[in-house]
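structure37.pdb follows (PDB, C-alpha atoms):
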```
ATOM      1  CA  MET A 218     130.303 -33.839 -58.074
ATOM      2  CA  ALA A 219     129.445 -33.473 -61.760
ATOM      3  CA  ARG A 220     125.923 -32.576 -62.753
ATOM      4  CA  PRO A 221     124.007 -35.293 -64.655
ATOM      5  CA  CYS A 222     123.635 -34.805 -68.409
ATOM      6  CA  SER A 223     120.281 -33.152 -69.102
ATOM      7  CA  VAL A 224     120.124 -34.825 -72.516
ATOM      8  CA  CYS A 225     120.787 -38.326 -71.136
ATOM      9  CA  SER A 226     117.868 -37.873 -68.733
ATOM     10  CA  HIS A 227     115.621 -36.313 -71.408
ATOM     11  CA  PRO A 228     112.402 -38.293 -72.124
ATOM     12  CA  ASP A 229     113.114 -38.036 -75.875
ATOM     13  CA  LEU A 230     116.756 -39.176 -75.698
ATOM     14  CA  ALA A 231     116.518 -41.647 -78.609
ATOM     15  CA  ALA A 232     115.070 -38.968 -80.911
ATOM     16  CA  ILE A 233     117.771 -36.501 -79.870
ATOM     17  CA  ASP A 234     120.492 -39.079 -80.597
ATOM     18  CA  ARG A 235     118.922 -39.784 -84.009
ATOM     19  CA  ALA A 236     118.801 -36.071 -84.753
ATOM     20  CA  LEU A 237     122.474 -35.756 -83.814
ATOM     21  CA  VAL A 238     123.373 -38.662 -86.098
ATOM     22  CA  ASN A 239     121.317 -37.116 -88.918
ATOM     23  CA  GLY A 240     123.246 -33.869 -88.489
ATOM     24  CA  ASP A 241     120.243 -31.774 -87.478
ATOM     25  CA  PRO A 242     121.158 -28.296 -86.239
ATOM     26  CA  TYR A 243     121.761 -28.090 -82.480
ATOM     27  CA  ARG A 244     119.256 -25.223 -82.155
ATOM     28  CA  GLU A 245     116.484 -27.338 -83.696
ATOM     29  CA  ILE A 246     117.290 -30.275 -81.432
ATOM     30  CA  ALA A 247     117.358 -28.018 -78.366
ATOM     31  CA  LYS A 248     113.740 -26.951 -79.003
ATOM     32  CA  ARG A 249     112.384 -30.358 -77.956
ATOM     33  CA  ASP A 250     109.834 -30.582 -75.181
ATOM     34  CA  PRO A 251     111.157 -30.098 -72.543
ATOM     35  CA  PRO A 252     113.813 -27.875 -74.121
ATOM     36  CA  VAL A 253     117.527 -28.350 -73.490
ATOM     37  CA  SER A 254     120.387 -25.953 -74.071
ATOM     38  CA  VAL A 255     122.503 -25.962 -77.202
ATOM     39  CA  SER A 256     125.618 -26.386 -75.069
ATOM     40  CA  ALA A 257     124.063 -29.449 -73.387
ATOM     41  CA  ILE A 258     123.412 -30.928 -76.836
ATOM     42  CA  GLN A 259     127.027 -30.251 -77.851
ATOM     43  CA  ARG A 260     128.414 -31.762 -74.626
ATOM     44  CA  HIS A 261     126.160 -34.804 -74.969
ATOM     45  CA  ARG A 262     127.337 -35.414 -78.543
ATOM     46  CA  VAL A 263     130.981 -35.303 -77.501
ATOM     47  CA  ASP A 264     130.774 -37.030 -74.109
ATOM     48  CA  HIS A 265     127.788 -39.377 -74.194
ATOM     49  CA  LEU A 266     126.792 -40.300 -77.755
ATOM     50  CA  SER A 267     127.572 -43.991 -78.143
ATOM     51  CA  PRO A 268     130.645 -44.866 -80.221
ATOM     52  CA  SER A 269     128.560 -46.675 -82.827
ATOM     53  CA  LEU A 270     126.276 -43.658 -83.251
ATOM     54  CA  ARG A 271     129.310 -41.357 -83.497
ATOM     55  CA  VAL A 272     130.703 -43.509 -86.296
ATOM     56  CA  LEU A 273     127.370 -43.455 -88.098
ATOM     57  CA  SER A 274     127.253 -39.679 -87.733
ATOM     58  CA  ALA A 275     130.760 -39.288 -89.178
ATOM     59  CA  VAL A 276     129.952 -41.626 -92.055
ATOM     60  CA  ALA A 277     126.754 -39.743 -92.845
ATOM     61  CA  GLU A 278     128.693 -36.467 -93.084
ATOM     62  CA  HIS A 279     131.410 -38.071 -95.237
ATOM     63  CA  GLU A 280     129.075 -39.746 -97.714
ATOM     64  CA  SER A 281     126.808 -36.892 -98.687
ATOM     65  CA  GLY A 282     127.783 -37.182-102.380
ATOM     66  CA  ARG A 283     127.199 -40.936-102.849
ATOM     67  CA  SER A 284     124.085 -42.779-103.967
ATOM     68  CA  LEU A 285     121.728 -43.877-101.225
ATOM     69  CA  LEU A 286     122.354 -47.598-101.748
ATOM     70  CA  GLU A 287     126.137 -47.049-101.715
ATOM     71  CA  GLN A 288     125.815 -45.100 -98.496
ATOM     72  CA  LEU A 289     123.694 -47.819 -96.916
ATOM     73  CA  SER A 290     126.145 -50.500 -98.007
ATOM     74  CA  ASN A 291     129.072 -48.558 -96.550
ATOM     75  CA  LEU A 292     127.159 -47.891 -93.336
ATOM     76  CA  ASN A 293     126.299 -51.569 -93.065
ATOM     77  CA  ASP A 294     129.965 -52.530 -93.484
ATOM     78  CA  ARG A 295     130.955 -50.117 -90.734
ATOM     79  CA  VAL A 296     128.181 -51.292 -88.416
ATOM     80  CA  LEU A 297     129.274 -54.898 -88.903
ATOM     81  CA  LYS A 298     132.866 -53.879 -88.060
ATOM     82  CA  ILE A 299     131.617 -52.181 -84.883
ATOM     83  CA  LEU A 300     129.668 -55.346 -84.078
ATOM     84  CA  ASP A 301     132.780 -57.491 -84.545
ATOM     85  CA  ASP A 302     134.882 -55.113 -82.411
ATOM     86  CA  ALA A 303     132.233 -55.058 -79.673
ATOM     87  CA  ALA A 304     132.025 -58.860 -79.659
ATOM     88  CA  THR A 305     135.793 -59.287 -79.347
ATOM     89  CA  THR A 306     136.065 -56.674 -76.589
ATOM     90  CA  SER A 307     133.053 -58.028 -74.666
ATOM     91  CA  LYS A 308     130.907 -54.897 -74.905
ATOM     92  CA  PRO A 309     127.366 -56.278 -75.174
ATOM     93  CA  SER A 310     125.576 -52.921 -75.126
ATOM     94  CA  ILE A 311     127.554 -51.680 -78.121
ATOM     95  CA  ALA A 312     127.065 -55.045 -79.845
ATOM     96  CA  LEU A 313     123.292 -54.822 -79.344
ATOM     97  CA  ALA A 314     123.232 -51.256 -80.646
ATOM     98  CA  ALA A 315     125.182 -52.379 -83.726
ATOM     99  CA  ILE A 316     122.781 -55.284 -84.260
ATOM    100  CA  ARG A 317     119.804 -52.903 -84.107
ATOM    101  CA  GLU A 318     121.483 -50.568 -86.598
ATOM    102  CA  ALA A 319     122.339 -53.467 -88.935
ATOM    103  CA  ARG A 320     118.735 -54.697 -88.826
ATOM    104  CA  ALA A 321     117.425 -51.225 -89.613
ATOM    105  CA  LEU A 322     119.873 -50.839 -92.504
ATOM    106  CA  ILE A 323     118.868 -54.214 -93.931
ATOM    107  CA  GLN A 324     115.182 -53.275 -93.707
ATOM    108  CA  LEU A 325     115.767 -49.918 -95.377
ATOM    109  CA  SER A 326     117.876 -51.477 -98.152
ATOM    110  CA  ALA A 327     115.181 -54.091 -98.771
ATOM    111  CA  ARG A 328     112.512 -51.400 -99.012
ATOM    112  CA  LEU A 329     114.597 -49.317-101.416
ATOM    113  CA  THR A 330     115.409 -52.258-103.690
ATOM    114  CA  GLY A 331     111.831 -53.557-103.645
ATOM    115  CA  GLU A 332     112.675 -56.810-101.852
ATOM    116  CA  LEU A 333     110.428 -55.768 -98.972
ATOM    117  CA  ASP A 334     107.051 -54.321 -99.934
ATOM    118  CA  GLU A 335     104.861 -53.634 -96.915
ATOM    119  CA  ARG A 336     102.043 -51.991 -98.845
ATOM    120  CA  PRO A 337      98.673 -53.738 -98.569
ATOM    121  CA  GLN A 338      97.970 -56.049-101.500
ATOM    122  CA  THR A 339      94.599 -56.256-103.254
ATOM    123  CA  MET A 340      93.582 -59.373-105.135
ATOM    124  CA  VAL A 341      90.627 -59.347-107.528
ATOM    125  CA  ILE A 342      89.032 -62.693-108.350
ATOM    126  CA  ASN A 343      86.428 -63.064-111.095
ATOM    127  CA  LEU A 344      84.169 -65.732-109.572
ATOM    128  CA  ALA A 345      82.208 -66.229-112.764
ATOM    129  CA  SER A 346      85.310 -67.608-114.488
ATOM    130  CA  THR A 347      86.189 -70.201-111.848
ATOM    131  CA  ASN A 348      85.455 -73.909-112.226
ATOM    132  CA  GLU A 349      83.958 -73.995-108.740
ATOM    133  CA  TRP A 350      81.341 -71.373-109.638
ATOM    134  CA  THR A 351      80.434 -73.176-112.847
ATOM    135  CA  GLU A 352      79.992 -76.440-110.950
ATOM    136  CA  ALA A 353      77.916 -74.780-108.198
ATOM    137  CA  ARG A 354      75.692 -73.013-110.728
ATOM    138  CA  THR A 355      75.112 -76.255-112.622
ATOM    139  CA  ALA A 356      74.218 -78.074-109.383
ATOM    140  CA  ILE A 357      71.735 -75.342-108.412
ATOM    141  CA  VAL A 358      70.054 -75.399-111.825
ATOM    142  CA  ARG A 359      69.806 -79.226-111.767
ATOM    143  CA  ALA A 360      68.359 -79.187-108.251
ATOM    144  CA  LEU A 361      65.688 -76.732-109.412
ATOM    145  CA  GLN A 362      64.653 -78.793-112.480
ATOM    146  CA  PRO A 363      61.368 -79.893-110.896
ATOM    147  CA  PHE A 364      60.557 -76.223-110.195
ATOM    148  CA  PRO A 365      60.798 -74.331-113.516
ATOM    149  CA  ASP A 366      59.524 -70.998-112.146
ATOM    150  CA  ALA A 367      62.040 -71.055-109.278
ATOM    151  CA  ARG A 368      64.812 -72.214-111.618
ATOM    152  CA  ASN A 369      64.139 -69.354-114.044
ATOM    153  CA  ALA A 370      63.962 -66.817-111.190
ATOM    154  CA  VAL A 371      67.332 -68.014-109.875
ATOM    155  CA  MET A 372      68.875 -67.880-113.356
ATOM    156  CA  ARG A 373      67.610 -64.336-113.894
ATOM    157  CA  ALA A 374      69.030 -63.332-110.482
ATOM    158  CA  LEU A 375      72.375 -64.868-111.428
ATOM    159  CA  GLY A 376      72.404 -63.038-114.736
ATOM    160  CA  GLY A 377      71.937 -66.128-116.912
ATOM    161  CA  GLY A 378      68.434 -65.485-118.246
ATOM    162  CA  GLU A 379      65.790 -68.189-118.426
ATOM    163  CA  ILE A 380      66.409 -71.815-119.372
ATOM    164  CA  ASP A 381      63.711 -73.616-121.346
ATOM    165  CA  VAL A 382      65.212 -77.108-121.451
ATOM    166  CA  ILE A 383      67.871 -78.631-119.233
ATOM    167  CA  GLU A 384      69.579 -81.797-120.274
ATOM    168  CA  SER A 385      69.545 -84.499-117.640
ATOM    169  CA  ALA A 386      72.835 -85.814-116.360
TER     170      ALA A 386
END
```
structure tokens encoding of this file:
Amino acid sequence: MARPCSVCSHPDLAAIDRALVNGDPYREIAKRDPPVSVSAIQRHRVDHLSPSLRVLSAVAEHESGRSLLEQLSNLNDRVLKILDDAATTSKPSIALAAIREARALIQLSARLTGELDERPQTMVINLASTNEWTEARTAIVRALQPFPDARNAVMRALGGGEIDVIESA
């Protein structure tokens, strides 16, 4: 009976598969915690790496001289072909893997082109220039007309100085 693949049962299997697709050196991948042998990594790549990930790995090696957006576009085309092939051959696990890869490629493309900006946005509003503030300030000053000392104290606090005469509405 064949021994189970030590990479397939590794707790960090997804990261190992990504490293294989990225073309990371086998020795670096083997140093994971817990460590695995270089030969186990090699066997896993040949025998157990999913077909869609193998294609992505081959494409990544082939396209090292192209622009990043061209590479992503080509990868997306290939992933969509894998998705179509998986759907016609009734292989749902490969289809789902291709869908995940397509989604990730779309997200990355959107980030690179600026269509998707996930950075926090800061909005600065100058309240003193809004109509609402002007109306509220006027209402406060009118309400304080019978109390000139209070009205002047509020105006000083709001940065408007003192008001000697207020026209009635």
Point out the residue among A:Ser223, A:Ser326, A:Thr355, A:Gln338 with the least atom-to-atom distance to Leu285 in chain A, counting all atoms listed in the file.
A:Ser326
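Residues captured in this structure file are Ala353, Arg354, Thr355, Ala356, Ala360, Leu361, Gln362, Arg368, Met372, Ile383 and Ser385 of chain A, according to the PyMOL selection byres ((chain A and resi 357-359) around 8).
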So that I can check the surroundings of Leu329 in chain A, please list as a list in words every protein, DNA and RNA residue that reaches within 12 Å of it, counting all atoms listed in the file and ignoring chain neighbours fewer than 3 positions away.
Ser284, Leu285, Leu286, Glu287, Leu289, Leu322, Ile323, Gln324, Leu325, Ser326, Glu332, Leu333, Asp334 and Glu335 of chain A
So that I have them on file, write out the residues from the current selection with C-alpha atoms, as a JSON list (two decimals), in the coordinates of the input.
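Wrote selection_13.json, looks like this:
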```json
[["chain", "number", "residue", "atom", "x", "y", "z"],
["A", 284, "SER", "CA", 124.08, -42.78, -103.97],
["A", 285, "LEU", "CA", 121.73, -43.88, -101.22],
["A", 286, "LEU", "CA", 122.35, -47.60, -101.75],
["A", 287, "GLU", "CA", 126.14, -47.05, -101.72],
["A", 289, "LEU", "CA", 123.69, -47.82, -96.92],
["A", 322, "LEU", "CA", 119.87, -50.84, -92.50],
["A", 323, "ILE", "CA", 118.87, -54.21, -93.93],
["A", 324, "GLN", "CA", 115.18, -53.28, -93.71],
["A", 325, "LEU", "CA", 115.77, -49.92, -95.38],
["A", 326, "SER", "CA", 117.88, -51.48, -98.15],
["A", 332, "GLU", "CA", 112.68, -56.81, -101.85],
["A", 333, "LEU", "CA", 110.43, -55.77, -98.97],
["A", 334, "ASP", "CA", 107.05, -54.32, -99.93],
["A", 335, "GLU", "CA", 104.86, -53.63, -96.92]]
```
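You will find CA of Ala321 in chain A at 20.9 Å from CA of Pro337 in chain A.
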Given the file shown, enumerate the residues that the PyMOL selection byres ((chain A and resi 250-253) around 9) captures and present them as an mmCIF file with C-alpha atoms, keeping the file's coordinate frame.
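This is the output file expr13.cif:
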```
data_model
loop_
_atom_site.group_PDB
_atom_site.id
_atom_site.type_symbol
_atom_site.label_atom_id
_atom_site.label_comp_id
_atom_site.auth_asym_id
_atom_site.auth_seq_id
_atom_site.Cartn_x
_atom_site.Cartn_y
_atom_site.Cartn_z
ATOM 1 C CA SER A 223 120.281 -33.152 -69.102
ATOM 2 C CA VAL A 224 120.124 -34.825 -72.516
ATOM 3 C CA HIS A 227 115.621 -36.313 -71.408
ATOM 4 C CA PRO A 228 112.402 -38.293 -72.124
ATOM 5 C CA ASP A 229 113.114 -38.036 -75.875
ATOM 6 C CA ILE A 246 117.290 -30.275 -81.432
ATOM 7 C CA ALA A 247 117.358 -28.018 -78.366
ATOM 8 C CA LYS A 248 113.740 -26.951 -79.003
ATOM 9 C CA ARG A 249 112.384 -30.358 -77.956
ATOM 10 C CA SER A 254 120.387 -25.953 -74.071
ATOM 11 C CA VAL A 255 122.503 -25.962 -77.202
ATOM 12 C CA SER A 256 125.618 -26.386 -75.069
ATOM 13 C CA ALA A 257 124.063 -29.449 -73.387
ATOM 14 C CA ILE A 258 123.412 -30.928 -76.836
#
```
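Between CA of Lys308 in chain A and CA of His265 in chain A the interatomic distance comes to 15.8 Å.
CA of Asp234 in chain A is found 17.7 Å from CA of Arg320 in chain A.
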Near Asp302 in chain A, counting only C-alpha atoms, which residues have an atom at most 10 Å away, once you skip same-chain residues fewer than 6 positions from it, shown as a JSON list (two decimals) with C-alpha atoms, keeping the file's coordinate frame?
```json
[["chain", "number", "residue", "atom", "x", "y", "z"],
["A", 296, "VAL", "CA", 128.18, -51.29, -88.42],
["A", 308, "LYS", "CA", 130.91, -54.90, -74.90],
["A", 311, "ILE", "CA", 127.55, -51.68, -78.12],
["A", 312, "ALA", "CA", 127.06, -55.04, -79.84]]
```
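The shortest atom-to-atom distance to Asn291 in chain A, with all atoms listed in the file taken into account, belongs to A:Ala319 out of A:Ser267, A:Ala319, A:Ala327, A:Ser310.
The closest residue to Asp241 in chain A, picked from A:Gln259, A:Cys225, A:Ser346, A:Val341 and counting all atoms listed in the file, is A:Gln259.
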Taking every listed atom of range 258-262 of chain A and adding 8 Å to each side, what centre and edge lengths in Å (one decimal) does the axis-aligned box have, as JSON?
```
{"center_x": 125.9, "center_y": -32.8, "center_z": -76.6, "size_x": 21.0, "size_y": 21.2, "size_z": 19.9}
```
